[in-house]
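Dropping query.cif in here (mmCIF, C-alpha atoms and all ligand atoms):
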data_model
#
loop_
_atom_site.group_PDB
_atom_site.id
_atom_site.type_symbol
_atom_site.label_atom_id
_atom_site.label_comp_id
_atom_site.auth_asym_id
_atom_site.auth_seq_id
_atom_site.Cartn_x
_atom_site.Cartn_y
_atom_site.Cartn_z
ATOM 1 C CA MET A 4 0.000 0.000 0.000
ATOM 2 C CA GLY A 5 1.503 3.323 -1.065
ATOM 3 C CA LYS A 6 2.098 5.888 1.665
ATOM 4 C CA ASP A 7 1.142 9.443 0.803
ATOM 5 C CA VAL A 8 0.400 12.910 2.123
ATOM 6 C CA ILE A 9 -3.160 14.027 1.339
ATOM 7 C CA VAL A 10 -3.714 17.792 1.343
ATOM 8 C CA ALA A 11 -7.110 18.774 2.793
ATOM 9 C CA CYS A 12 -8.426 21.417 0.394
ATOM 10 C CA ASP A 13 -10.899 22.971 2.822
ATOM 11 C CA PHE A 14 -11.870 25.872 0.591
ATOM 12 C CA SER A 15 -15.378 27.095 -0.181
ATOM 13 C CA SER A 16 -14.971 28.088 -3.815
ATOM 14 C CA LYS A 17 -13.363 26.995 -7.051
ATOM 15 C CA GLU A 18 -11.472 30.276 -7.209
ATOM 16 C CA GLN A 19 -9.786 29.677 -3.848
ATOM 17 C CA VAL A 20 -8.879 26.056 -4.476
ATOM 18 C CA MET A 21 -7.493 26.743 -7.956
ATOM 19 C CA GLN A 22 -5.452 29.668 -6.636
ATOM 20 C CA PHE A 23 -3.958 27.255 -4.109
ATOM 21 C CA LEU A 24 -3.343 24.412 -6.587
ATOM 22 C CA ASP A 25 -1.785 26.787 -9.133
ATOM 23 C CA LYS A 26 1.195 27.051 -6.772
ATOM 24 C CA PHE A 27 2.025 23.384 -7.407
ATOM 25 C CA THR A 28 3.713 23.367 -10.783
ATOM 26 C CA ASN A 29 6.022 20.356 -10.476
ATOM 27 C CA VAL A 30 4.345 18.042 -7.969
ATOM 28 C CA LYS A 31 0.631 17.257 -8.010
ATOM 29 C CA PRO A 32 -0.363 16.355 -4.449
ATOM 30 C CA PHE A 33 -3.075 13.856 -3.533
ATOM 31 C CA VAL A 34 -5.922 16.168 -2.421
ATOM 32 C CA LYS A 35 -8.978 15.786 -0.200
ATOM 33 C CA ILE A 36 -12.201 17.419 -1.338
ATOM 34 C CA GLY A 37 -14.763 17.688 1.448
ATOM 35 C CA MET A 38 -18.434 18.546 1.721
ATOM 36 C CA GLU A 39 -17.886 22.314 1.732
ATOM 37 C CA LEU A 40 -16.194 22.501 -1.654
ATOM 38 C CA PHE A 41 -18.249 19.686 -3.209
ATOM 39 C CA TYR A 42 -21.575 21.196 -2.193
ATOM 40 C CA ALA A 43 -20.449 24.681 -3.266
ATOM 41 C CA GLU A 44 -19.144 23.727 -6.685
ATOM 42 C CA GLY A 45 -20.693 20.351 -7.538
ATOM 43 C CA PRO A 46 -19.134 17.333 -9.280
ATOM 44 C CA SER A 47 -17.395 19.487 -11.910
ATOM 45 C CA ILE A 48 -14.817 20.560 -9.306
ATOM 46 C CA VAL A 49 -13.780 16.915 -8.940
ATOM 47 C CA ARG A 50 -13.414 16.486 -12.709
ATOM 48 C CA GLU A 51 -11.407 19.701 -13.029
ATOM 49 C CA ILE A 52 -8.965 18.883 -10.240
ATOM 50 C CA LYS A 53 -8.586 15.337 -11.544
ATOM 51 C CA ALA A 54 -7.855 16.708 -15.042
ATOM 52 C CA ARG A 55 -4.982 18.706 -13.506
ATOM 53 C CA GLY A 56 -3.334 15.440 -12.524
ATOM 54 C CA HIS A 57 -4.200 15.154 -8.826
ATOM 55 C CA LYS A 58 -5.382 12.009 -7.054
ATOM 56 C CA ILE A 59 -8.591 12.718 -5.147
ATOM 57 C CA PHE A 60 -9.985 11.593 -1.786
ATOM 58 C CA LEU A 61 -13.654 12.606 -1.897
ATOM 59 C CA ASP A 62 -14.606 12.967 1.767
ATOM 60 C CA LEU A 63 -18.420 12.956 1.774
ATOM 61 C CA LYS A 64 -18.999 10.381 4.567
ATOM 62 C CA LEU A 65 -22.076 8.686 3.124
ATOM 63 C CA HIS A 66 -24.671 7.200 5.514
ATOM 64 C CA ASP A 67 -28.100 6.059 4.262
ATOM 65 C CA ILE A 68 -29.951 2.861 3.360
ATOM 66 C CA PRO A 69 -27.869 0.333 1.364
ATOM 67 C CA ASN A 70 -29.634 0.917 -1.970
ATOM 68 C CA THR A 71 -29.235 4.704 -1.812
ATOM 69 C CA VAL A 72 -25.583 4.511 -0.814
ATOM 70 C CA SER A 73 -24.869 1.929 -3.512
ATOM 71 C CA LYS A 74 -26.336 4.181 -6.217
ATOM 72 C CA ALA A 75 -24.610 7.295 -4.883
ATOM 73 C CA MET A 76 -21.272 5.465 -4.803
ATOM 74 C CA HIS A 77 -21.795 4.433 -8.421
ATOM 75 C CA VAL A 78 -22.010 8.117 -9.349
ATOM 76 C CA LEU A 79 -18.897 8.995 -7.304
ATOM 77 C CA SER A 80 -16.954 6.142 -8.884
ATOM 78 C CA SER A 81 -17.750 7.482 -12.350
ATOM 79 C CA LEU A 82 -16.088 10.769 -11.280
ATOM 80 C CA ASP A 83 -12.865 8.744 -11.193
ATOM 81 C CA VAL A 84 -11.987 9.557 -7.586
ATOM 82 C CA ASP A 85 -9.179 7.536 -5.994
ATOM 83 C CA MET A 86 -10.573 7.283 -2.467
ATOM 84 C CA THR A 87 -13.915 7.922 -0.807
ATOM 85 C CA ASN A 88 -15.639 7.146 2.490
ATOM 86 C CA LEU A 89 -18.772 6.371 4.493
ATOM 87 C CA HIS A 90 -19.877 5.979 8.109
ATOM 88 C CA ALA A 91 -19.345 2.460 9.463
ATOM 89 C CA ALA A 92 -22.462 3.157 11.578
ATOM 90 C CA GLY A 93 -24.450 2.503 8.368
ATOM 91 C CA ALA A 94 -23.617 -1.190 9.072
ATOM 92 C CA THR A 95 -22.535 -4.166 6.984
ATOM 93 C CA ALA A 96 -25.269 -4.215 4.328
ATOM 94 C CA MET A 97 -24.705 -0.517 3.583
ATOM 95 C CA MET A 98 -20.936 -0.985 3.335
ATOM 96 C CA GLN A 99 -21.357 -3.973 1.012
ATOM 97 C CA GLY A 100 -23.820 -1.978 -1.095
ATOM 98 C CA ALA A 101 -21.277 0.829 -1.284
ATOM 99 C CA LEU A 102 -18.568 -1.521 -2.542
ATOM 100 C CA LYS A 103 -20.911 -2.923 -5.171
ATOM 101 C CA GLY A 104 -21.860 0.556 -6.375
ATOM 102 C CA LEU A 105 -18.246 1.707 -6.475
ATOM 103 C CA THR A 106 -16.951 -1.206 -8.529
ATOM 104 C CA ARG A 107 -16.579 -0.234 -12.181
ATOM 105 C CA GLU A 108 -17.291 -2.543 -15.130
ATOM 106 C CA ASP A 109 -13.587 -3.360 -15.451
ATOM 107 C CA GLY A 110 -13.475 -4.486 -11.807
ATOM 108 C CA THR A 111 -11.501 -1.464 -10.540
ATOM 109 C CA ARG A 112 -12.817 0.833 -7.820
ATOM 110 C CA PRO A 113 -11.688 3.712 -5.597
ATOM 111 C CA ILE A 114 -10.263 2.871 -2.158
ATOM 112 C CA LEU A 115 -13.180 2.801 0.295
ATOM 113 C CA ILE A 116 -12.590 3.707 3.927
ATOM 114 C CA ALA A 117 -14.900 4.089 6.908
ATOM 115 C CA VAL A 118 -15.353 6.708 9.574
ATOM 116 C CA THR A 119 -15.703 4.882 12.917
ATOM 117 C CA GLN A 120 -16.741 7.313 15.644
ATOM 118 C CA LEU A 121 -16.197 10.958 14.737
ATOM 119 C CA THR A 122 -13.440 12.523 16.837
ATOM 120 C CA SER A 123 -16.034 15.122 17.872
ATOM 121 C CA THR A 124 -17.912 12.323 19.663
ATOM 122 C CA ASP A 125 -16.578 11.506 23.119
ATOM 123 C CA GLN A 126 -17.483 8.812 25.628
ATOM 124 C CA GLN A 127 -20.184 10.924 27.251
ATOM 125 C CA THR A 128 -21.871 11.891 23.962
ATOM 126 C CA MET A 129 -21.810 8.262 22.876
ATOM 127 C CA GLU A 130 -23.475 7.155 26.102
ATOM 128 C CA THR A 131 -26.079 9.892 26.399
ATOM 129 C CA ASP A 132 -26.956 10.612 22.762
ATOM 130 C CA LEU A 133 -26.291 7.263 21.097
ATOM 131 C CA LEU A 134 -26.958 4.992 24.084
ATOM 132 C CA ILE A 135 -23.708 3.100 23.447
ATOM 133 C CA LYS A 136 -22.287 2.118 26.825
ATOM 134 C CA GLU A 137 -19.055 0.369 25.780
ATOM 135 C CA PRO A 138 -15.668 2.141 26.069
ATOM 136 C CA ILE A 139 -15.065 4.320 23.014
ATOM 137 C CA ASP A 140 -11.780 2.552 22.089
ATOM 138 C CA LYS A 141 -13.602 -0.759 21.959
ATOM 139 C CA VAL A 142 -16.375 0.755 19.832
ATOM 140 C CA VAL A 143 -13.860 2.261 17.379
ATOM 141 C CA MET A 144 -12.031 -1.078 17.006
ATOM 142 C CA HIS A 145 -15.325 -2.948 16.599
ATOM 143 C CA TYR A 146 -16.430 -0.567 13.842
ATOM 144 C CA ALA A 147 -13.030 -0.992 12.153
ATOM 145 C CA GLU A 148 -13.364 -4.787 12.265
ATOM 146 C CA THR A 149 -16.929 -4.600 10.938
ATOM 147 C CA ALA A 150 -15.704 -2.413 8.059
ATOM 148 C CA LYS A 151 -12.930 -4.893 7.338
ATOM 149 C CA ASN A 152 -15.308 -7.845 7.391
ATOM 150 C CA ALA A 153 -17.625 -6.001 4.991
ATOM 151 C CA GLY A 154 -14.694 -5.793 2.557
ATOM 152 C CA LEU A 155 -13.617 -2.166 3.037
ATOM 153 C CA ASP A 156 -9.991 -1.116 2.639
ATOM 154 C CA GLY A 157 -9.460 0.873 5.831
ATOM 155 C CA VAL A 158 -10.564 3.575 8.240
ATOM 156 C CA VAL A 159 -10.049 7.235 9.021
ATOM 157 C CA CYS A 160 -8.664 7.397 12.548
ATOM 158 C CA SER A 161 -6.587 9.429 14.940
ATOM 159 C CA PRO A 162 -2.836 8.835 14.501
ATOM 160 C CA LEU A 163 -2.973 7.588 18.099
ATOM 161 C CA GLU A 164 -5.298 4.751 17.049
ATOM 162 C CA ALA A 165 -3.475 3.705 13.866
ATOM 163 C CA GLN A 166 -1.202 1.173 15.508
ATOM 164 C CA LYS A 167 -4.066 -0.551 17.316
ATOM 165 C CA VAL A 168 -6.169 -0.635 14.126
ATOM 166 C CA HIS A 169 -3.285 -2.413 12.394
ATOM 167 C CA ASP A 170 -2.944 -4.846 15.312
ATOM 168 C CA VAL A 171 -6.657 -5.678 15.204
ATOM 169 C CA CYS A 172 -7.336 -5.552 11.438
ATOM 170 C CA GLY A 173 -3.927 -6.387 9.956
ATOM 171 C CA LYS A 174 -1.194 -4.219 8.515
ATOM 172 C CA ASN A 175 -2.751 -4.118 5.038
ATOM 173 C CA PHE A 176 -5.898 -2.454 6.405
ATOM 174 C CA ILE A 177 -5.360 1.221 5.555
ATOM 175 C CA THR A 178 -5.208 3.931 8.217
ATOM 176 C CA VAL A 179 -5.856 7.495 7.051
ATOM 177 C CA THR A 180 -4.959 9.915 9.804
ATOM 178 C CA PRO A 181 -5.724 13.644 10.182
ATOM 179 C CA GLY A 182 -4.524 15.709 13.163
ATOM 180 C CA VAL A 183 -0.986 16.206 11.841
ATOM 181 C CA ARG A 184 1.129 19.211 12.796
ATOM 182 C CA PHE A 185 4.776 20.192 12.384
ATOM 183 C CA ALA A 186 6.765 20.122 15.625
ATOM 184 C CA ASP A 187 7.230 23.908 15.425
ATOM 185 C CA GLY A 188 3.744 24.666 14.077
ATOM 186 C CA ASP A 189 0.363 25.873 15.379
ATOM 187 C CA VAL A 190 -1.917 23.164 16.762
ATOM 188 C CA GLY A 191 -5.066 25.243 16.078
ATOM 189 C CA ASP A 192 -8.298 23.426 17.035
ATOM 190 C CA GLN A 193 -6.817 19.910 16.799
ATOM 191 C CA LYS A 194 -6.475 18.357 20.254
ATOM 192 C CA ARG A 195 -4.467 15.190 19.751
ATOM 193 C CA VAL A 196 -1.763 15.748 17.150
ATOM 194 C CA MET A 197 1.325 14.053 15.758
ATOM 195 C CA THR A 198 4.118 15.250 13.511
ATOM 196 C CA PRO A 199 4.489 13.652 10.052
ATOM 197 C CA ALA A 200 7.633 11.878 11.321
ATOM 198 C CA GLN A 201 5.753 10.407 14.300
ATOM 199 C CA ALA A 202 2.862 9.361 12.022
ATOM 200 C CA LYS A 203 5.423 7.485 9.914
ATOM 201 C CA ILE A 204 6.806 5.671 12.960
ATOM 202 C CA ILE A 205 3.407 4.529 14.212
ATOM 203 C CA GLY A 206 2.533 3.223 10.732
ATOM 204 C CA SER A 207 -0.102 5.602 9.295
ATOM 205 C CA ASP A 208 -0.628 4.812 5.624
ATOM 206 C CA TYR A 209 -1.915 8.234 4.586
ATOM 207 C CA ILE A 210 -1.781 11.474 6.555
ATOM 208 C CA VAL A 211 -4.366 14.194 5.890
ATOM 209 C CA VAL A 212 -2.865 17.646 6.338
ATOM 210 C CA GLY A 213 -4.816 20.870 5.924
ATOM 211 C CA ARG A 214 -3.839 24.184 7.474
ATOM 212 C CA PRO A 215 -0.135 23.397 8.088
ATOM 213 C CA ILE A 216 0.076 23.398 4.261
ATOM 214 C CA THR A 217 -2.855 25.539 3.045
ATOM 215 C CA ALA A 218 -2.165 28.390 5.496
ATOM 216 C CA ALA A 219 1.649 28.252 5.249
ATOM 217 C CA PRO A 220 3.483 31.251 3.804
ATOM 218 C CA ASP A 221 4.976 28.841 1.250
ATOM 219 C CA PRO A 222 2.517 25.951 0.784
ATOM 220 C CA VAL A 223 4.735 24.068 -1.677
ATOM 221 C CA ALA A 224 7.679 24.120 0.763
ATOM 222 C CA ALA A 225 5.366 23.014 3.599
ATOM 223 C CA TYR A 226 4.027 20.160 1.460
ATOM 224 C CA GLU A 227 7.538 19.076 0.533
ATOM 225 C CA ARG A 228 8.610 19.175 4.178
ATOM 226 C CA CYS A 229 5.639 17.006 5.069
ATOM 227 C CA VAL A 230 6.460 14.456 2.366
ATOM 228 C CA LYS A 231 10.101 14.381 3.439
ATOM 229 C CA GLU A 232 9.212 13.782 7.103
ATOM 230 C CA PHE A 233 6.480 11.227 6.387
ATOM 231 C CA ILE A 234 7.878 9.295 3.435
ATOM 232 C CA GLY A 235 11.575 10.155 3.635
HETATM 233 O O1 LIG B 1 -6.341 21.833 8.843
HETATM 234 P P1 LIG B 1 -6.228 20.452 9.423
HETATM 235 O O2 LIG B 1 -4.879 19.795 9.179
HETATM 236 O O3 LIG B 1 -6.635 20.390 10.880
HETATM 237 O O4 LIG B 1 -7.289 19.610 8.583
HETATM 238 C C1 LIG B 1 -7.559 18.258 8.849
HETATM 239 C C2 LIG B 1 -8.595 17.731 7.902
HETATM 240 O O5 LIG B 1 -8.963 16.421 8.314
HETATM 241 C C3 LIG B 1 -9.889 18.550 7.840
HETATM 242 O O6 LIG B 1 -10.403 18.443 6.501
HETATM 243 C C4 LIG B 1 -10.772 17.841 8.828
HETATM 244 O O7 LIG B 1 -12.139 18.004 8.530
HETATM 245 C C5 LIG B 1 -10.343 16.394 8.624
HETATM 246 N N1 LIG B 1 -10.636 15.502 9.751
HETATM 247 C C6 LIG B 1 -10.123 15.729 11.024
HETATM 248 N N2 LIG B 1 -10.427 14.868 12.046
HETATM 249 C C7 LIG B 1 -11.191 13.798 11.813
HETATM 250 C C8 LIG B 1 -11.708 13.547 10.544
HETATM 251 C C9 LIG B 1 -11.390 14.439 9.522
HETATM 252 O O8 LIG B 1 -9.397 16.686 11.237
HETATM 253 N N3 LIG B 1 -11.444 12.950 12.789
#
Could you render the structure as structure tokens?
Ligand code: C5P
Amino acid sequence: MGKDVIVACDFSSKEQVMQFLDKFTNVKPFVKIGMELFYAEGPSIVREIKARGHKIFLDLKLHDIPNTVSKAMHVLSSLDVDMTNLHAAGATAMMQGALKGLTREDGTRPILIAVTQLTSTDQQTMETDLLIKEPIDKVVMHYAETAKNAGLDGVVCSPLEAQKVHDVCGKNFITVTPGVRFADGDVGDQKRVMTPAQAKIIGSDYIVVGRPITAAPDPVAAYERCVKEFIG
């Protein structure tokens, strides 16, 4: 499984994202397009960024009945994205439906990963709002195993969980980890962070990095530093 740095393009318009991507003339980073940009600009933004030579992680976190998710994934797959995701809480039948919808006629498909529990959900929220009484670590690992058994390729998780996910689900099960900061950088609103070098040591497969690159005075240099620390 190839390791890579995925740049979170958390912009709200085509103009902003293109202005940012125009800075990358030699390298074409793997980029993450989230709900904000996708809902603002529609599927054409995916086609345009893809046509510029970038790999794309389309982060839309689908969660609905199996038939709806299967059909939606079919549409996303035809956009030629490289990675996409869903909520493992949608359960096995939904995840299997998603895989079916994603698989193209030639048998290829984007990498499909699951969100386990959102990092904005803590133990108390899980117990009071979702009525899940088990420890959150156990719940996260159970969701990861369920995703694996459904045939998914991996999970989005905190860098602090990546090692355990690999222990439980095997080293080929992909871990995609946000919450990455340079040792000398701003933490911002992220609470539990790791440097790219630490993420490499604990075995993250892909790191998702937003503001340390997008808000840097020299985004290309920041991206290159990230790649150097994470991949070497
Ligand atoms: O700017 P920053 O590096 O914090 O961006 C991290 C990206 O990863 C954002 O797009 C954020 O929504 C996403 N993300 C996260 N934590 C999660 C899941 C996704 O930070 N648990």
Revision key, fill the gap. The distance between CA of Thr28 in chain A and atom C3 of ligand LIG 1 (chain B) is 23.6 Å
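The protein and nucleic acid residues lying at most 8 Å from Arg50 in chain A are Pro46, Ser47, Lys53, Ala54, Leu82 and Asp83 of chain A, with only C-alpha atoms considered and sequence neighbours fewer than 3 positions away removed.
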Check your understanding: Which residues match the PyMOL selection byres (((chain A and resi 155-172) around 8) and not hetatm) in the file above, as a ChimeraX atom specification?
Key -> /A:98,102,114-119,122,144,147-148,150-154,173-182,195-197,202,205-207
**Study point:** Test item: the PyMOL selection byres (((not hetatm)) within 10 of (chain B and resi 1)) resolved as an NGL selection string
**Key:** :A and (9-14 or 35-39 or 62 or 64 or 118-124 or 159-162 or 179-184 or 189-196 or 210-218)
**Study point:** Nearest-residue call for Gly100 in chain A, choices A:Ala75, A:Phe23, A:Asn70, A:Met129, using only C-alpha atoms
**Key:**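 Using only C-alpha atoms, Gly100 in chain A sits closest to A:Asn70.
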Practice item. Run the PyMOL selection byres (((chain A and resi 68) around 12) and not hetatm) on the file and write out the hits as a list in words. Key: Leu65, His66, Asp67, Pro69, Asn70, Thr71, Val72, Ser73, Lys74, Ala75, Leu89, His90, Ala92, Gly93, Ala94, Thr95, Ala96, Met97, Met98, Gln99, Gly100 and Ala101 of chain A
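You will find CA of Val84 in chain A at 24.1 Å from CA of Tyr146 in chain A.
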Check your understanding: How many Å separate CA of Leu24 in chain A from CA of Ile48 in chain A?
Key ->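 CA of Leu24 in chain A sits 12.4 Å away from CA of Ile48 in chain A.
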